[in-house]
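Structure, as structure tokens:
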Amino acid sequence: MKILFDCTELSYFYDTNGHRAGVFYVALNLFEEFKKRGCDVTFYCDFRRIEFMKNIKDFSEVKFLDEYSRLNRMVSKILYLTKDTPYVIKTAINILARFYDKYLYVKSKKAIKKIEDFDVYLSPFTPPSVDIQNADIPKFRMLHDIIPILEKGMPKNTKDWHYKVYNTINDKDFYFANSECTREDVLKYFPFIKPENIKTTLLGVNENFIQQSKNNSEKYVFSLCTLGKRKNVIFAIRNFIKFIEKNKINDLKLVLGGSNWKTFEAELDKTLKQYDKSKIVLTGYVKDEELPALYSSALMFVYPSLYEGFGLPVLEAMKCGCPVITSNVSSLPEVIGQAGIQIDPKNDEEMIKAYEKFYYDNFYRELCSERGMIRAREFSWSKCCDEILEFINEKLNQPNK
């Protein structure tokens with residue numbers, strides 16, 4: 001089987017911001033699994049990210065589908081060369097590139113013909129390009145959530161990036177949902193999709209997430225996310241402060257790892273001014289190799305998100321033996337099962353009681369640590385990849401497909 005793999009998310013390999021988050025790791029791990037199986041994989045990339053992708057040494061040996069348009073290559077080159085310019089200049093150039101993509105991009109007959117040489121197109125996240133959409137090839141895409149629709153409704157502004165994400169969903173292509181919650185949401189908001197054409201494939205967790213020796217020099221509660229309203233970070237901070245003040249605890253800090261979204265920084269700064277900042281630690285972006293140690297040494301991991309398509313950090317924490325407090329909404333119960341504490345992410349009292357339970361009840365904390373590691377064994381990228389390939393083969397072998 002010749003797979004045309006959309007590597008657009010992998011082009012953010014060197015980034016240390018919100019782009020290198022959940023969907024990036026999904027793309028990376030799926031590609032690694034395909035490589036282990038000796039699959040015939042060729043990379044395909046959004047034209048704006050081609051130059052970024054070609055400058056990543058880790059993928060230099062992977063086959064890459066040529067970009068036929070000189071104009072497309074020029075746009076990508078400009079975006080790459082200006083990546084370190086001041087924010088205003090970089091933003092202006094990105095706006096022009098989006099304008100070109102929306103109004104001036106011309107589909108390429110050569111590219112479409114080349115695309116049709118492959119057996120299947122698979123995207124871990126990125127919506128298909130104009131050329132992909134016009135190519136006669138079975139298309140499979142992973143859908144991770146419908147958060148923008150839940151927050152703002154179906155995108156109507158054609159300049160909105162999510163407009164392209166959701167308005168390329170159709171009744172002919174095939175889809176993977178990263179949780180049963182996501183699958184049900186997709187079928188609800190896109191009722192034209194046949195239920196048999198969307199399959200739930202739970203994500204995996206990297207093998208480097210293993211329990212390490214604890215560093216007991218300082219007690220801390222850990223949380224990891226791209227800091228935004230949906231992640232409910234203010235809720236976690238507010239109730240952490242209430243918890244330590246109520247119980248007169250002086251030996252505990254809340255460590256928040258992750259990149260700050262620009263639109264949320266002001267609100268976060270305003271919140272932190274209300275509390276003792278010495279009890280809150282903002283680490284910023286955390287390198288992959290540093291995460292297992294942070295999870296392993298934490299007293300507990302908190303993730304009170306208001307909505308998740310899957311919730312990969314919860315799984316990572318469990319695999320490292322860190323007891324987890326998370327929300328009882330969306331997909332999170334599918335991930336944690338009975339291996340930790342589930343709370344209403346809008347109920348302060350429940351959050352404070354969960355903090356207290358893990359802080360004071362050593363036996364229960366250790367029990368959830370063991371349960372979490374056992375639960376995490378049920379999730380693997382190998383299993384996820386097997387299910388994806390099985391579904392693809394099933395659909396390719398159907399009559400008239």
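Order determines the names: the first chain of the structure tokens is A, the second B, and so forth; residues in each chain are numbered 1 upward, and ligands are numbered 1 upward as they are shown.
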
Please return as a ChimeraX atom specification: the residues of segment 6-201 of chain A that backbone DSSP assigns to alpha helix (DSSP H).
/A:22-36,50-54,70-81,87-99,109-115,130-134,147-152,161-167,180-189

Within segment 210-376 of chain A, find each residue whose DSSP state, derived from the backbone, is strand (DSSP E), and express the selection as number ranges by chain.
A: 219-224, 252-257, 280-284, 300-303, 324-327, 341-343

Generate a file of the selected residues that holds N, CA, C and O atoms, formatted as an mmCIF file, in the first residue's frame.
data_model
loop_
_atom_site.group_PDB
_atom_site.id
_atom_site.type_symbol
_atom_site.label_atom_id
_atom_site.label_comp_id
_atom_site.auth_asym_id
_atom_site.auth_seq_id
_atom_site.Cartn_x
_atom_site.Cartn_y
_atom_site.Cartn_z
ATOM 1 N N LYS A 219 7.894 19.624 47.166
ATOM 2 C CA LYS A 219 6.580 19.103 46.805
ATOM 3 C C LYS A 219 5.893 20.039 45.818
ATOM 4 O O LYS A 219 5.927 21.254 45.995
ATOM 5 N N TYR A 220 5.249 19.442 44.812
ATOM 6 C CA TYR A 220 4.517 20.281 43.868
ATOM 7 C C TYR A 220 3.387 19.498 43.204
ATOM 8 O O TYR A 220 3.428 18.276 43.085
ATOM 9 N N VAL A 221 2.379 20.260 42.801
ATOM 10 C CA VAL A 221 1.289 19.756 41.967
ATOM 11 C C VAL A 221 1.639 20.190 40.545
ATOM 12 O O VAL A 221 2.069 21.326 40.330
ATOM 13 N N PHE A 222 1.449 19.311 39.584
ATOM 14 C CA PHE A 222 1.848 19.619 38.209
ATOM 15 C C PHE A 222 0.639 19.689 37.301
ATOM 16 O O PHE A 222 -0.329 18.932 37.455
ATOM 17 N N SER A 223 0.686 20.617 36.336
ATOM 18 C CA SER A 223 -0.319 20.691 35.283
ATOM 19 C C SER A 223 0.389 21.058 33.995
ATOM 20 O O SER A 223 1.345 21.847 34.009
ATOM 21 N N LEU A 224 -0.047 20.481 32.885
ATOM 22 C CA LEU A 224 0.593 20.729 31.597
ATOM 23 C C LEU A 224 -0.478 20.989 30.544
ATOM 24 O O LEU A 224 -1.363 20.161 30.324
ATOM 25 N N LEU A 252 4.005 23.380 49.503
ATOM 26 C CA LEU A 252 3.497 22.883 48.236
ATOM 27 C C LEU A 252 3.359 24.012 47.216
ATOM 28 O O LEU A 252 2.925 25.112 47.555
ATOM 29 N N LYS A 253 3.742 23.715 45.969
ATOM 30 C CA LYS A 253 3.596 24.689 44.891
ATOM 31 C C LYS A 253 2.799 24.083 43.741
ATOM 32 O O LYS A 253 2.720 22.862 43.605
ATOM 33 N N LEU A 254 2.237 24.960 42.914
ATOM 34 C CA LEU A 254 1.549 24.535 41.700
ATOM 35 C C LEU A 254 2.443 24.890 40.516
ATOM 36 O O LEU A 254 2.733 26.072 40.273
ATOM 37 N N VAL A 255 2.896 23.879 39.789
ATOM 38 C CA VAL A 255 3.775 24.077 38.643
ATOM 39 C C VAL A 255 2.950 23.950 37.371
ATOM 40 O O VAL A 255 2.342 22.911 37.109
ATOM 41 N N LEU A 256 2.922 25.032 36.572
ATOM 42 C CA LEU A 256 2.155 25.056 35.328
ATOM 43 C C LEU A 256 3.126 25.006 34.151
ATOM 44 O O LEU A 256 3.898 25.941 33.934
ATOM 45 N N GLY A 257 3.081 23.917 33.416
ATOM 46 C CA GLY A 257 3.938 23.774 32.245
ATOM 47 C C GLY A 257 3.147 23.981 30.966
ATOM 48 O O GLY A 257 1.974 23.618 30.893
ATOM 49 N N ILE A 280 3.051 29.730 42.775
ATOM 50 C CA ILE A 280 2.732 29.369 41.393
ATOM 51 C C ILE A 280 3.997 29.477 40.551
ATOM 52 O O ILE A 280 4.646 30.520 40.521
ATOM 53 N N VAL A 281 4.330 28.411 39.847
ATOM 54 C CA VAL A 281 5.528 28.392 38.999
ATOM 55 C C VAL A 281 5.106 28.174 37.548
ATOM 56 O O VAL A 281 4.451 27.177 37.228
ATOM 57 N N LEU A 282 5.478 29.122 36.670
ATOM 58 C CA LEU A 282 5.206 28.990 35.238
ATOM 59 C C LEU A 282 6.500 28.585 34.541
ATOM 60 O O LEU A 282 7.449 29.366 34.479
ATOM 61 N N THR A 283 6.546 27.376 34.022
ATOM 62 C CA THR A 283 7.778 26.880 33.412
ATOM 63 C C THR A 283 7.920 27.273 31.948
ATOM 64 O O THR A 283 9.013 27.238 31.397
ATOM 65 N N GLY A 284 6.800 27.622 31.283
ATOM 66 C CA GLY A 284 6.833 27.800 29.840
ATOM 67 C C GLY A 284 6.907 26.442 29.165
ATOM 68 O O GLY A 284 6.568 25.412 29.761
ATOM 69 N N MET A 300 0.791 15.127 42.486
ATOM 70 C CA MET A 300 -0.414 14.811 41.711
ATOM 71 C C MET A 300 -0.388 15.629 40.428
ATOM 72 O O MET A 300 0.346 16.615 40.327
ATOM 73 N N PHE A 301 -1.195 15.217 39.457
ATOM 74 C CA PHE A 301 -1.334 15.946 38.197
ATOM 75 C C PHE A 301 -2.774 16.422 38.081
ATOM 76 O O PHE A 301 -3.710 15.641 38.302
ATOM 77 N N VAL A 302 -2.971 17.704 37.748
ATOM 78 C CA VAL A 302 -4.331 18.243 37.638
ATOM 79 C C VAL A 302 -4.593 18.697 36.209
ATOM 80 O O VAL A 302 -3.760 19.344 35.578
ATOM 81 N N TYR A 303 -5.793 18.339 35.714
ATOM 82 C CA TYR A 303 -6.158 18.647 34.326
ATOM 83 C C TYR A 303 -7.672 18.848 34.255
ATOM 84 O O TYR A 303 -8.400 18.019 33.719
ATOM 85 N N VAL A 324 -3.862 11.301 39.122
ATOM 86 C CA VAL A 324 -4.466 12.346 38.295
ATOM 87 C C VAL A 324 -5.819 12.803 38.834
ATOM 88 O O VAL A 324 -6.660 11.996 39.229
ATOM 89 N N ILE A 325 -6.002 14.124 38.803
ATOM 90 C CA ILE A 325 -7.314 14.746 39.006
ATOM 91 C C ILE A 325 -7.703 15.353 37.661
ATOM 92 O O ILE A 325 -6.965 16.168 37.109
ATOM 93 N N THR A 326 -8.841 14.964 37.131
ATOM 94 C CA THR A 326 -9.276 15.516 35.852
ATOM 95 C C THR A 326 -10.788 15.678 35.824
ATOM 96 O O THR A 326 -11.481 15.303 36.776
ATOM 97 N N SER A 327 -11.293 16.207 34.746
ATOM 98 C CA SER A 327 -12.722 16.513 34.624
ATOM 99 C C SER A 327 -13.537 15.269 34.287
ATOM 100 O O SER A 327 -13.029 14.307 33.703
ATOM 101 N N ILE A 341 -9.141 10.631 40.135
ATOM 102 C CA ILE A 341 -10.295 11.381 40.633
ATOM 103 C C ILE A 341 -10.881 12.222 39.504
ATOM 104 O O ILE A 341 -10.178 12.987 38.852
ATOM 105 N N GLN A 342 -12.183 12.073 39.275
ATOM 106 C CA GLN A 342 -12.897 12.887 38.300
ATOM 107 C C GLN A 342 -13.742 13.916 39.037
ATOM 108 O O GLN A 342 -14.440 13.570 39.999
ATOM 109 N N ILE A 343 -13.671 15.164 38.573
ATOM 110 C CA ILE A 343 -14.427 16.236 39.239
ATOM 111 C C ILE A 343 -15.223 17.045 38.215
ATOM 112 O O ILE A 343 -14.904 17.045 37.031
#

Among A:Leu30, A:Leu202, A:Ile93, A:Cys7, Phe52 of chain A is approached most closely, using only C-alpha atoms, by A:Cys7

Show which residues sit within 9 Å of segment 164-180 of chain A, as an MDAnalysis selection string. Count only C-alpha atoms, and ignore same-chain residues fewer than 3 positions away.
chainID A and resid 124:128 133 138:146 149 154:155 158:161 183:186 190 192:194 196:203 309:310 331 334:335 388 392 395

Tell me, in Å to one decimal, how far atom CA of Ala298 of chain A is from atom CA of Ser380 of chain A.
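Distance between the two atoms: 23.3 Å.
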
Atom CA of Leu4 of chain A and atom CA of Ser382 of chain A are how many Å apart?
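Interatomic distance, atom CA of Leu4 of chain A to atom CA of Ser382 of chain A: 19.4 Å.
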
Kindly give the distance, in Å, that separates atom CA of Cys181 of chain A and atom CA of Gly311 of chain A, rounded to a single decimal.
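A separation of 11.6 Å between them.
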
Give me the residues within 9 Å of Lys231 of chain A as a PyMOL selection string, counting only C-alpha atoms and dropping any in the same chain fewer than 6 places off.
chain A and resi 225+303-308

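Among the candidate residues A:Ser296, A:Asn247, A:Asn55, A:Thr182, the one lying nearest to Cys320 of chain A is A:Ser296, with distances computed using only C-alpha atoms.
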
Contacts of Arg365 of chain A at 9 Å (only C-alpha atoms; same-chain gap of 6+ positions) as a VMD selection string
chain A and resid 299 to 300 322 to 323 340 357 to 359

List the spatial neighbours of Met53 of chain A as number ranges by chain - criterion: any atom at most 8 Å away, only C-alpha atoms, same-chain residues fewer than 4 positions off excluded.
A: 8, 10-12, 45, 49, 59

Please provide the set of residues having any atom within 12 Å of Phe31 of chain A, restricted to only C-alpha atoms, with same-chain residues fewer than 2 positions apart removed, written as a ChimeraX atom specification.
/A:3-7,9-10,24-29,33-43,59,62,122-124,381-382,384-385,388
